[in-house]
$ cat query.csv   # CSV, C-alpha atoms and all ligand atoms
chain,number,residue,atom,x,y,z
A,117,MET,CA,10.5,108.5,-2.3
A,118,LYS,CA,12.9,111.4,-2.2
A,119,THR,CA,16.7,110.7,-2.1
A,120,GLN,CA,17.1,112.4,1.2
A,121,THR,CA,14.5,110.1,2.8
A,122,LEU,CA,15.6,107.0,4.5
A,123,PHE,CA,13.0,104.2,4.8
A,124,TYR,CA,13.0,100.9,6.7
A,125,GLN,CA,10.3,98.4,7.2
A,126,LEU,CA,10.9,96.4,10.3
A,127,PHE,CA,9.1,93.3,11.5
A,128,GLU,CA,8.1,91.9,15.0
A,129,SER,CA,7.4,88.2,14.6
A,130,GLN,CA,5.3,87.4,17.7
A,131,SER,CA,2.5,89.7,16.5
A,132,SER,CA,3.5,90.0,12.8
A,133,THR,CA,3.6,93.7,13.3
A,134,TYR,CA,5.4,96.1,10.9
A,135,THR,CA,7.2,99.1,12.3
A,136,TYR,CA,8.3,101.8,9.9
A,137,LEU,CA,11.3,104.1,10.2
A,138,LEU,CA,11.4,107.3,8.1
A,139,GLY,CA,14.5,109.4,8.3
A,140,ASP,CA,15.6,112.7,6.9
A,141,VAL,CA,19.2,112.5,5.8
A,142,ALA,CA,19.8,116.3,6.1
A,143,SER,CA,18.4,117.0,9.5
A,144,LYS,CA,19.2,113.5,10.9
A,145,LYS,CA,15.7,113.4,12.4
A,146,ALA,CA,13.6,110.3,12.3
A,147,VAL,CA,10.0,109.1,12.8
A,148,LEU,CA,8.9,105.6,13.9
A,149,ILE,CA,5.4,104.4,13.1
A,150,ASP,CA,3.9,101.7,15.3
A,151,PRO,CA,7.0,100.5,17.3
A,152,VAL,CA,6.6,97.4,19.5
A,153,ILE,CA,7.8,97.1,23.0
A,154,GLU,CA,9.8,93.9,22.4
A,155,THR,CA,11.8,95.5,19.6
A,156,VAL,CA,12.6,98.9,21.2
A,157,ASP,CA,16.3,98.0,21.4
A,158,ARG,CA,16.5,96.9,17.8
A,159,ASP,CA,14.9,100.2,16.7
A,160,LEU,CA,17.2,102.3,18.9
A,161,ASN,CA,20.3,100.4,17.6
A,162,LEU,CA,19.2,101.0,14.0
A,163,LEU,CA,18.7,104.7,14.6
A,164,HIS,CA,22.1,104.9,16.3
A,165,GLU,CA,23.7,103.0,13.4
A,166,LEU,CA,22.2,105.5,10.9
A,167,GLY,CA,23.2,108.5,13.0
A,168,LEU,CA,19.5,109.5,13.4
A,169,GLU,CA,17.8,111.1,16.3
A,170,LEU,CA,14.2,110.0,17.0
A,171,ASP,CA,12.0,113.0,16.9
A,172,LEU,CA,8.5,111.6,16.6
A,173,ILE,CA,6.6,108.3,17.2
A,174,LEU,CA,3.3,107.9,15.5
A,175,GLU,CA,0.7,105.3,16.4
A,176,THR,CA,-1.9,104.3,13.7
A,177,HIS,CA,-4.2,103.2,16.5
A,178,ILE,CA,-4.5,101.7,20.0
A,179,HIS,CA,-3.4,98.2,19.3
A,180,ALA,CA,-5.0,95.1,20.8
A,181,ASP,CA,-2.5,92.5,19.8
A,182,HIS,CA,0.8,93.9,21.0
A,183,ILE,CA,2.2,96.5,23.4
A,184,THR,CA,3.5,99.7,21.8
A,185,GLY,CA,7.1,100.8,22.3
A,186,ALA,CA,6.1,104.5,22.2
A,187,GLY,CA,6.3,105.3,25.9
A,188,GLU,CA,9.5,103.4,26.4
A,189,LEU,CA,11.1,105.1,23.3
A,190,ARG,CA,10.0,108.5,24.5
A,191,SER,CA,11.5,108.0,27.9
A,192,ARG,CA,14.8,106.9,26.3
A,193,THR,CA,15.0,109.5,23.5
A,194,GLY,CA,12.8,112.4,24.4
A,195,ALA,CA,10.8,112.0,21.1
A,196,LYS,CA,7.3,113.2,21.0
A,197,VAL,CA,4.3,110.8,20.6
A,198,GLY,CA,1.4,111.4,18.2
A,199,VAL,CA,-1.9,109.4,18.5
A,200,ALA,CA,-5.4,110.2,17.3
A,201,GLU,CA,-7.0,112.7,19.6
A,202,VAL,CA,-10.2,110.7,19.7
A,203,ALA,CA,-8.2,107.7,21.2
A,204,GLY,CA,-8.1,109.5,24.5
A,205,ALA,CA,-4.7,108.0,25.4
A,206,ASP,CA,-2.7,109.4,28.4
A,207,SER,CA,0.1,111.9,28.0
A,208,VAL,CA,0.1,112.2,24.2
A,209,ASP,CA,2.3,115.0,23.0
A,210,LEU,CA,0.6,115.4,19.6
A,211,PRO,CA,-3.1,114.7,19.6
A,212,LEU,CA,-3.7,114.1,15.9
A,213,VAL,CA,-6.7,115.1,13.7
A,214,ASP,CA,-7.7,114.5,10.1
A,215,GLY,CA,-5.9,116.6,7.6
A,216,GLN,CA,-3.1,117.7,9.9
A,217,VAL,CA,0.4,117.8,8.4
A,218,VAL,CA,3.3,116.9,10.7
A,219,LYS,CA,6.8,118.0,9.7
A,220,VAL,CA,10.1,116.3,10.8
A,221,GLY,CA,13.0,117.8,8.9
A,222,HIS,CA,12.0,117.7,5.3
A,223,LEU,CA,9.5,114.9,5.9
A,224,GLU,CA,5.9,115.9,5.6
A,225,ILE,CA,3.4,113.4,7.0
A,226,LYS,CA,-0.3,114.0,6.3
A,227,VAL,CA,-2.7,112.5,8.9
A,228,LEU,CA,-5.8,110.8,7.4
A,229,ALA,CA,-8.5,109.8,9.8
A,230,THR,CA,-9.5,106.3,8.7
A,231,PRO,CA,-11.8,104.9,11.4
A,232,GLY,CA,-13.4,101.5,11.1
A,233,HIS,CA,-11.0,98.9,12.6
A,234,THR,CA,-11.2,101.1,15.7
A,235,ASN,CA,-12.8,104.5,16.1
A,236,ALA,CA,-9.3,106.1,16.4
A,237,CYS,CA,-7.5,104.7,13.4
A,238,LEU,CA,-5.2,106.9,11.4
A,239,SER,CA,-3.3,106.4,8.2
A,240,PHE,CA,-0.2,108.4,7.5
A,241,LEU,CA,0.6,109.7,4.0
A,242,CYS,CA,4.3,110.5,3.3
A,243,GLU,CA,5.5,111.1,-0.3
A,244,ASP,CA,4.6,108.1,-2.4
A,245,ARG,CA,3.5,105.8,0.4
A,246,VAL,CA,0.7,105.5,2.9
A,247,PHE,CA,0.9,103.7,6.2
A,248,THR,CA,-2.5,102.2,6.8
A,249,GLY,CA,-2.2,100.5,10.2
A,250,ASP,CA,-4.9,97.8,10.4
A,251,VAL,CA,-7.5,99.6,8.2
A,252,LEU,CA,-6.3,98.4,4.9
A,253,LEU,CA,-4.2,95.3,4.8
A,254,ILE,CA,-2.7,93.4,1.9
A,255,ARG,CA,-5.8,91.8,0.2
A,256,GLY,CA,-7.7,92.3,3.5
A,257,THR,CA,-8.8,94.6,6.2
A,258,GLY,CA,-8.6,94.8,9.9
A,259,ARG,CA,-11.5,93.4,11.9
A,260,THR,CA,-14.3,95.6,13.1
A,261,ASP,CA,-15.7,93.8,16.1
A,262,PHE,CA,-14.1,95.7,19.1
A,263,GLN,CA,-12.8,99.1,20.2
A,264,GLN,CA,-15.7,100.9,18.5
A,265,GLY,CA,-14.9,99.3,15.2
A,266,SER,CA,-17.5,99.6,12.5
A,267,PRO,CA,-17.6,97.9,9.0
A,268,GLU,CA,-19.6,100.9,7.6
A,269,SER,CA,-17.0,103.4,8.6
A,270,LEU,CA,-14.1,101.1,7.6
A,271,TYR,CA,-15.5,100.8,4.1
A,272,GLU,CA,-16.1,104.5,3.9
A,273,SER,CA,-12.6,105.3,5.2
A,274,VAL,CA,-10.9,103.0,2.6
A,275,HIS,CA,-13.0,104.2,-0.3
A,276,GLU,CA,-13.0,107.9,0.4
A,277,LYS,CA,-9.6,108.5,2.0
A,278,LEU,CA,-7.4,105.7,0.6
A,279,PHE,CA,-8.8,104.6,-2.7
A,280,SER,CA,-8.9,108.3,-3.7
A,281,LEU,CA,-5.0,108.4,-3.6
A,282,PRO,CA,-3.1,107.7,-6.9
A,283,ASP,CA,-3.2,104.1,-7.9
A,284,GLU,CA,0.6,103.9,-7.7
A,285,THR,CA,0.7,104.9,-4.1
A,286,PHE,CA,2.5,102.2,-2.0
A,287,VAL,CA,0.5,100.8,0.8
A,288,TYR,CA,2.4,99.7,3.9
A,289,PRO,CA,0.1,98.0,6.4
A,290,GLY,CA,0.4,97.4,10.2
A,291,HIS,CA,0.6,93.7,9.8
A,292,ASP,CA,1.0,90.9,7.2
A,293,TYR,CA,0.6,87.3,8.2
A,294,ARG,CA,1.9,85.9,5.0
A,295,GLY,CA,5.1,87.8,4.7
A,296,LEU,CA,4.2,90.2,2.0
A,297,PRO,CA,5.8,93.6,2.5
A,298,TYR,CA,3.6,96.0,0.7
A,299,THR,CA,0.9,96.6,-1.9
A,300,THR,CA,-0.5,99.6,-3.8
A,301,ILE,CA,-3.7,101.4,-3.9
A,302,GLY,CA,-4.4,100.2,-7.5
A,303,LEU,CA,-3.8,96.6,-6.5
A,304,GLU,CA,-6.1,96.7,-3.5
A,305,LYS,CA,-8.8,98.5,-5.5
A,306,ALA,CA,-8.7,95.6,-7.9
A,307,TYR,CA,-7.9,92.6,-5.8
A,308,ASN,CA,-8.7,93.3,-2.1
A,309,LEU,CA,-10.8,90.3,-1.2
A,310,ARG,CA,-13.1,92.1,1.2
A,311,LEU,CA,-13.7,95.5,-0.4
A,312,GLY,CA,-11.9,95.6,-3.7
A,313,GLY,CA,-13.1,94.6,-7.2
A,314,GLY,CA,-16.2,96.8,-6.9
A,315,ARG,CA,-17.6,95.1,-3.8
A,316,SER,CA,-20.4,97.2,-2.2
A,317,SER,CA,-20.6,98.4,1.4
A,318,ALA,CA,-23.4,96.0,2.0
A,319,ASP,CA,-21.3,93.1,0.8
A,320,PHE,CA,-18.5,94.2,3.1
A,321,ILE,CA,-20.7,94.6,6.1
A,322,LYS,CA,-22.2,91.1,5.5
A,323,THR,CA,-18.7,89.6,5.2
A,324,MET,CA,-17.5,91.3,8.4
A,325,SER,CA,-20.6,90.2,10.4
A,326,GLU,CA,-20.1,86.6,9.4
A,327,LEU,CA,-16.4,86.5,10.6
A,328,LYS,CA,-16.2,84.5,13.8
A,329,LEU,CA,-12.8,85.6,15.1
A,330,ALA,CA,-11.4,84.7,18.5
A,331,GLN,CA,-10.3,87.7,20.6
A,332,PRO,CA,-6.7,88.7,20.2
A,333,LYS,CA,-4.7,86.8,23.0
A,334,ARG,CA,-3.3,89.9,24.5
A,335,ILE,CA,-6.3,92.3,24.2
A,336,GLN,CA,-6.9,92.4,28.0
A,337,GLU,CA,-3.4,93.5,28.7
A,338,ALA,CA,-2.6,95.4,25.5
A,339,VAL,CA,-5.4,97.9,25.2
A,340,PRO,CA,-5.1,99.4,28.8
A,341,ALA,CA,-1.3,99.4,28.4
A,342,ASN,CA,-1.4,101.1,25.0
A,343,LEU,CA,-3.7,103.8,26.3
A,344,LYS,CA,-0.8,104.6,28.6
A,345,LEU,CA,1.6,104.4,25.5
A,346,GLY,CA,2.8,100.9,26.5
A,347,LEU,CA,4.1,101.9,29.9
A,348,THR,CA,3.5,98.8,32.1
A,349,PRO,CA,0.5,98.7,34.4
A,350,GLY,CA,1.4,99.0,38.1
A,351,GLY,CA,4.7,100.7,37.2
A,352,ARG,CA,6.5,97.4,36.4
A,353,VAL,CA,9.8,97.8,34.8
A,354,PHE,CA,10.0,95.0,32.2
A,355,HIS,CA,8.0,93.7,29.3
A,356,PRO,CA,9.6,90.2,29.0
A,357,GLN,CA,9.3,88.3,25.8
A,358,VAL,CA,7.7,84.8,26.4
A,359,VAL,CA,9.6,82.0,24.7
A,360,ASN,CA,8.5,78.4,25.3
A,361,ASN,CA,6.3,79.7,28.2
A,362,ILE,CA,9.3,81.3,29.9
A,363,PRO,CA,9.4,85.1,30.1
A,364,GLU,CA,12.8,86.3,29.0
A,365,ILE,CA,14.7,89.5,29.2
A,366,GLN,CA,18.0,90.7,27.6
A,367,PRO,CA,21.0,91.6,29.8
A,368,GLU,CA,21.1,95.0,28.1
A,369,ASP,CA,17.6,95.7,29.3
A,370,VAL,CA,18.4,94.7,32.9
A,371,ASN,CA,21.5,96.9,32.8
A,372,LEU,CA,19.5,99.8,31.6
A,373,HIS,CA,17.1,99.6,34.5
A,374,LEU,CA,19.5,98.8,37.3
A,375,GLY,CA,18.5,100.6,40.5
A,376,ARG,CA,14.8,100.6,39.6
A,377,ASN,CA,12.2,98.7,41.6
A,378,PHE,CA,12.7,95.0,40.9
A,379,GLN,CA,14.7,92.1,42.4
A,380,LEU,CA,17.7,90.4,40.9
A,381,VAL,CA,18.1,86.9,42.1
A,382,ASP,CA,21.3,85.0,41.2
A,383,VAL,CA,20.6,81.2,41.5
A,384,ARG,CA,24.2,80.0,41.2
A,385,ARG,CA,26.3,78.3,43.9
A,386,PRO,CA,27.9,80.5,46.5
A,387,GLU,CA,31.4,79.9,45.1
A,388,GLU,CA,30.3,81.2,41.7
A,389,PHE,CA,28.9,84.4,43.0
A,390,ASN,CA,32.2,86.2,43.2
A,391,ASN,CA,34.2,84.2,40.6
A,392,GLU,CA,35.8,85.6,37.5
A,393,LEU,CA,32.3,86.4,36.1
A,394,GLY,CA,31.2,88.3,39.2
A,395,HIS,CA,27.6,89.2,39.7
A,396,VAL,CA,25.2,91.9,38.6
A,397,PRO,CA,25.4,94.8,41.0
A,398,GLY,CA,22.5,94.6,43.5
A,399,ALA,CA,21.9,90.8,42.9
A,400,LYS,CA,21.0,88.6,45.8
A,401,LEU,CA,22.4,85.1,46.0
A,402,VAL,CA,19.6,82.4,46.4
A,403,THR,CA,21.0,79.1,45.2
A,404,LEU,CA,18.8,76.9,43.0
A,405,GLY,CA,17.6,74.0,45.3
A,406,PRO,CA,16.2,74.2,48.8
A,407,GLU,CA,17.3,77.8,49.3
A,408,LEU,CA,15.4,78.9,46.3
A,409,MET,CA,12.3,76.9,47.3
A,410,LYS,CA,12.3,78.6,50.7
A,411,PHE,CA,12.6,82.0,49.0
A,412,LEU,CA,9.8,81.3,46.5
A,413,GLU,CA,7.5,80.1,49.4
A,414,SER,CA,7.9,83.3,51.2
A,415,ALA,CA,8.3,86.1,48.7
A,416,ASP,CA,5.5,88.3,47.3
A,417,ARG,CA,3.9,86.7,44.3
A,418,ASN,CA,3.5,90.1,42.7
A,419,SER,CA,7.1,91.2,42.9
A,420,GLU,CA,9.1,91.6,39.8
A,421,ILE,CA,12.1,89.3,39.8
A,422,VAL,CA,14.9,88.7,37.3
A,423,PHE,CA,16.6,85.3,37.7
A,424,ILE,CA,20.3,85.1,36.7
A,425,CYS,CA,22.8,82.2,36.5
A,426,ARG,CA,26.0,81.5,34.5
A,427,SER,CA,24.5,81.0,31.1
A,428,GLY,CA,20.7,81.2,31.5
A,429,GLY,CA,19.8,77.5,32.0
A,430,ARG,CA,19.4,77.3,35.8
A,431,SER,CA,17.8,80.8,35.9
A,432,GLY,CA,15.3,79.4,33.3
A,433,GLN,CA,14.5,76.6,35.7
A,434,ALA,CA,14.1,79.0,38.5
A,435,THR,CA,11.7,81.1,36.4
A,436,ALA,CA,9.6,78.0,35.5
A,437,MET,CA,9.5,77.1,39.3
A,438,SER,CA,8.4,80.6,40.2
A,439,LEU,CA,5.6,80.4,37.7
A,440,ASP,CA,4.5,77.2,39.3
A,441,PHE,CA,4.5,79.0,42.6
A,442,GLY,CA,2.1,81.6,41.1
A,443,TYR,CA,4.5,84.4,40.5
A,444,LYS,CA,3.2,86.8,37.9
A,445,HIS,CA,6.2,89.0,37.0
A,446,THR,CA,9.3,86.8,37.1
A,447,MET,CA,11.7,86.3,34.2
A,448,ASN,CA,14.9,84.8,33.0
A,449,MET,CA,17.9,86.9,32.0
A,450,ILE,CA,19.0,85.1,28.9
A,451,GLY,CA,22.7,84.3,28.4
A,452,GLY,CA,23.4,84.7,32.1
A,453,MET,CA,26.7,86.2,33.5
A,454,LEU,CA,28.6,84.9,30.4
A,455,ARG,CA,26.6,87.2,28.1
A,456,TRP,CA,26.7,89.9,30.7
A,457,ASN,CA,30.5,89.9,30.7
A,458,GLU,CA,30.7,89.6,26.9
A,459,LEU,CA,28.7,92.7,26.7
A,460,GLY,CA,31.1,94.5,29.1
A,461,LEU,CA,28.3,95.4,31.5
A,462,PRO,CA,29.2,96.4,35.1
A,463,VAL,CA,30.2,93.5,37.4
A,464,ALA,CA,30.3,93.4,41.2
A,465,ARG,CA,32.3,91.2,43.5
A,466,ASP,CA,31.7,91.4,47.3
A,501,FE,FE,-5.1,96.6,15.4
$ encode --input "query.csv" --output "structure tokens" --more "lines below"
Ligand SMILES: [Fe+2]
Amino acid sequence: MKTQTLFYQLFESQSSTYTYLLGDVASKKAVLIDPVIETVDRDLNLLHELGLELDLILETHIHADHITGAGELRSRTGAKVGVAEVAGADSVDLPLVDGQVVKVGHLEIKVLATPGHTNACLSFLCEDRVFTGDVLLIRGTGRTDFQQGSPESLYESVHEKLFSLPDETFVYPGHDYRGLPYTTIGLEKAYNLRLGGGRSSADFIKTMSELKLAQPKRIQEAVPANLKLGLTPGGRVFHPQVVNNIPEIQPEDVNLHLGRNFQLVDVRRPEEFNNELGHVPGAKLVTLGPELMKFLESADRNSEIVFICRSGGRSGQATAMSLDFGYKHTMNMIGGMLRWNELGLPVARD
């Protein structure tokens, strides 16, 4: 890799997804490959730390196992989004086709159409490394049983487009479930369990047809959302992260979207609402207990609600209760007003 190229491999642990950052030191422009919605803030913080401006977001394919951060990053930075033209996703800035070269500062990224895992999979070649999404994984391949996947075309993509690259080319995949960061073309030609070591297309097709894999947990939600670049269905504001069955959201995220169409419900006692910690501007006081029960009985089960308390404990209980009541889009603001104040976010007192 050239000295003026910055490179980071980033990991999202819920879906074991790798996101890649490529930056050009001279122009200060950067590219993100396969960002994940849950880690948008991490990515923006890293770009900020490095003094880089996000110019382009590339998607290797329409993911089924996680929601892309592309739409959210575009709305927060003005970066362009590139996705395979054949994916037919909404509002793509750069519909990408095989052989196209995309330039960002001195970075030159060559688009390789590598269908098979889905019909719209791309790999991106930049200098000495290739980003293969879910087509070629470390010692494995992506599955081929949905989104117009095809074992024949995956085998052909890997053999013709990827195995024709120099053996020393580094391969950076979209996922790794064992914690390995990268491999090389030479290693995969020799050791890939599904299609390396001289295995034939017929062997590969047989292997793939015998896999009995469960559907990815989030496929019903993720594919439609990703066809809209990860922007939430129904215009919802948040993509909470689910921890121990409770959807959670960071205070920074709440602050970023203040004034948008969601409810803030503070479940503390009345005397706490205007104490030294204050409350989030626009929050409504509905104390945990009978008052909250009454609220949950009457409010719209589809409304998007963020629960808040002092440190996140009571609002976690309120979130759990709301789920029991059948609410679909409620979440806990973690860290509560203590964290909110630590972060120096705006506080209201009536
Ligand atoms: Fe995938």
$ closest_residue --input "query.csv" --among "A:Gly187, A:Gly312, A:Gly139, A:Pro289" --to "ligand FE 501 (chain A)" --atoms "only C-alpha atoms and all ligand atoms"
A:Pro289
$ residues_around --input "query.csv" --residues "segment 183-186 of chain A" --least-positions-apart "2" --cutoff "9 Å" --atoms "only C-alpha atoms" --output "PDB file with C-alpha atoms, keeping the file's coordinate frame"
ATOM      1  CA  LEU A 148       8.900 105.600  13.900  1.00  0.00           C
ATOM      2  CA  ASP A 150       3.900 101.700  15.300  1.00  0.00           C
ATOM      3  CA  PRO A 151       7.000 100.500  17.300  1.00  0.00           C
ATOM      4  CA  VAL A 152       6.600  97.400  19.500  1.00  0.00           C
ATOM      5  CA  ILE A 153       7.800  97.100  23.000  1.00  0.00           C
ATOM      6  CA  GLU A 154       9.800  93.900  22.400  1.00  0.00           C
ATOM      7  CA  THR A 155      11.800  95.500  19.600  1.00  0.00           C
ATOM      8  CA  VAL A 156      12.600  98.900  21.200  1.00  0.00           C
ATOM      9  CA  ILE A 173       6.600 108.300  17.200  1.00  0.00           C
ATOM     10  CA  LEU A 174       3.300 107.900  15.500  1.00  0.00           C
ATOM     11  CA  GLU A 175       0.700 105.300  16.400  1.00  0.00           C
ATOM     12  CA  ILE A 178      -4.500 101.700  20.000  1.00  0.00           C
ATOM     13  CA  HIS A 179      -3.400  98.200  19.300  1.00  0.00           C
ATOM     14  CA  ALA A 180      -5.000  95.100  20.800  1.00  0.00           C
ATOM     15  CA  ASP A 181      -2.500  92.500  19.800  1.00  0.00           C
ATOM     16  CA  GLU A 188       9.500 103.400  26.400  1.00  0.00           C
ATOM     17  CA  LEU A 189      11.100 105.100  23.300  1.00  0.00           C
ATOM     18  CA  ARG A 190      10.000 108.500  24.500  1.00  0.00           C
ATOM     19  CA  SER A 191      11.500 108.000  27.900  1.00  0.00           C
ATOM     20  CA  ALA A 195      10.800 112.000  21.100  1.00  0.00           C
ATOM     21  CA  LYS A 196       7.300 113.200  21.000  1.00  0.00           C
ATOM     22  CA  VAL A 197       4.300 110.800  20.600  1.00  0.00           C
ATOM     23  CA  ARG A 334      -3.300  89.900  24.500  1.00  0.00           C
ATOM     24  CA  GLU A 337      -3.400  93.500  28.700  1.00  0.00           C
ATOM     25  CA  ALA A 338      -2.600  95.400  25.500  1.00  0.00           C
ATOM     26  CA  VAL A 339      -5.400  97.900  25.200  1.00  0.00           C
ATOM     27  CA  ALA A 341      -1.300  99.400  28.400  1.00  0.00           C
ATOM     28  CA  ASN A 342      -1.400 101.100  25.000  1.00  0.00           C
ATOM     29  CA  LEU A 345       1.600 104.400  25.500  1.00  0.00           C
ATOM     30  CA  GLY A 346       2.800 100.900  26.500  1.00  0.00           C
ATOM     31  CA  LEU A 347       4.100 101.900  29.900  1.00  0.00           C
ATOM     32  CA  HIS A 355       8.000  93.700  29.300  1.00  0.00           C
TER      33      HIS A 355
END
$ closest_residue --input "query.csv" --among "A:Val422, A:Ile362, A:Leu459, A:Ala318" --to "Gln379 of chain A" --atoms "all atoms listed in the file"
A:Val422
$ closest_atom_pairs --input "query.csv" --of "chain A" --to "ligand FE 501 (chain A)" --cutoff "9 Å" --atoms "all atoms listed in the file" --output "Markdown table"
| residue | atom | partner | partner_atom | distance |
| --- | --- | --- | --- | --- |
| A:Thr176 | CA | A:FE501 | FE | 8.5 |
| A:His177 | CA | A:FE501 | FE | 6.8 |
| A:Ile178 | CA | A:FE501 | FE | 6.9 |
| A:His179 | CA | A:FE501 | FE | 4.5 |
| A:Ala180 | CA | A:FE501 | FE | 5.6 |
| A:Asp181 | CA | A:FE501 | FE | 6.6 |
| A:His182 | CA | A:FE501 | FE | 8.6 |
| A:His233 | CA | A:FE501 | FE | 6.9 |
| A:Thr234 | CA | A:FE501 | FE | 7.6 |
| A:Cys237 | CA | A:FE501 | FE | 8.7 |
| A:Gly249 | CA | A:FE501 | FE | 7.1 |
| A:Asp250 | CA | A:FE501 | FE | 5.1 |
| A:Val251 | CA | A:FE501 | FE | 8.2 |
| A:Gly258 | CA | A:FE501 | FE | 6.8 |
| A:Arg259 | CA | A:FE501 | FE | 8.0 |
| A:Gly290 | CA | A:FE501 | FE | 7.6 |
| A:His291 | CA | A:FE501 | FE | 8.5 |
$ closest_atom_pairs --input "query.csv" --of "segment 200-219 of chain A" --to "segment 264-276 of chain A" --cutoff "12 Å" --atoms "only C-alpha atoms" --output "Markdown table"
| residue | atom | partner | partner_atom | distance |
| --- | --- | --- | --- | --- |
| A:Val202 | CA | A:Gln264 | CA | 11.3 |
| A:Ala203 | CA | A:Gln264 | CA | 10.5 |
| A:Asp214 | CA | A:Ser273 | CA | 11.5 |
$ atom_distance --input "query.csv" --atom1 "atom CA of Arg385 of chain A" --atom2 "atom CA of Gly429 of chain A"
13.6 Å
$ atom_distance --input "query.csv" --atom1 "atom CA of Leu122 of chain A" --atom2 "atom CA of Phe286 of chain A"
15.4 Å
$ residues_around --input "query.csv" --residues "Leu303 of chain A" --least-positions-apart "4" --cutoff "9 Å" --atoms "all atoms listed in the file" --output "ChimeraX atom specification"
/A:255,283-284,299,307-308,312
$ write_last_selection --input "query.csv" --atoms "C-alpha atoms" --output "compact mmCIF listing (two decimals), keeping the file's coordinate frame"
# COMPACT_ATOMS: atom_id res chain seq x y z
CA ARG A 255 -5.80 91.80 0.20
CA ASP A 283 -3.20 104.10 -7.90
CA GLU A 284 0.60 103.90 -7.70
CA THR A 299 0.90 96.60 -1.90
CA TYR A 307 -7.90 92.60 -5.80
CA ASN A 308 -8.70 93.30 -2.10
CA GLY A 312 -11.90 95.60 -3.70
$ atom_distance --input "query.csv" --atom1 "atom CA of Lys344 of chain A" --atom2 "atom CA of Phe378 of chain A"
20.6 Å
$ closest_residue --input "query.csv" --among "A:Glu368, A:Glu392, A:Glu387, A:Asp440" --to "Arg455 of chain A" --atoms "all atoms listed in the file"
A:Glu368
$ residues_around --input "query.csv" --residues "Ser239 of chain A" --least-positions-apart "4" --cutoff "7 Å" --atoms "only C-alpha atoms" --output "short mmCIF file (atom, residue, chain, number, x, y, z; two decimals) with C-alpha atoms, in the frame of the given file"
data_model
loop_
_atom_site.label_atom_id
_atom_site.label_comp_id
_atom_site.auth_asym_id
_atom_site.auth_seq_id
_atom_site.Cartn_x
_atom_site.Cartn_y
_atom_site.Cartn_z
CA THR A 176 -1.90 104.30 13.70
CA VAL A 227 -2.70 112.50 8.90
CA LEU A 228 -5.80 110.80 7.40
CA ALA A 229 -8.50 109.80 9.80
CA THR A 230 -9.50 106.30 8.70
CA VAL A 246 0.70 105.50 2.90
CA PHE A 247 0.90 103.70 6.20
CA THR A 248 -2.50 102.20 6.80
CA GLY A 249 -2.20 100.50 10.20
#
$ closest_residue --input "query.csv" --among "A:Pro386, A:Gly460, A:Pro406, A:Pro363" --to "Thr446 of chain A" --atoms "all atoms listed in the file"
A:Pro363
$ closest_residue --input "query.csv" --among "A:Ile424, A:Asn391, A:Val141, A:Lys444" --to "Gln120 of chain A" --atoms "all atoms listed in the file"
A:Val141
$ closest_residue --input "query.csv" --among "A:Leu137, A:Ile301, A:Leu327, A:Leu281" --to "Leu252 of chain A" --atoms "only C-alpha atoms"
A:Ile301
$ residues_near_point --input "query.csv" --point "(15.0, 88.0, 31.8)" --cutoff "6 Å" --atoms "only C-alpha atoms" --output "number ranges by chain"
A: 364-366, 422, 447-450
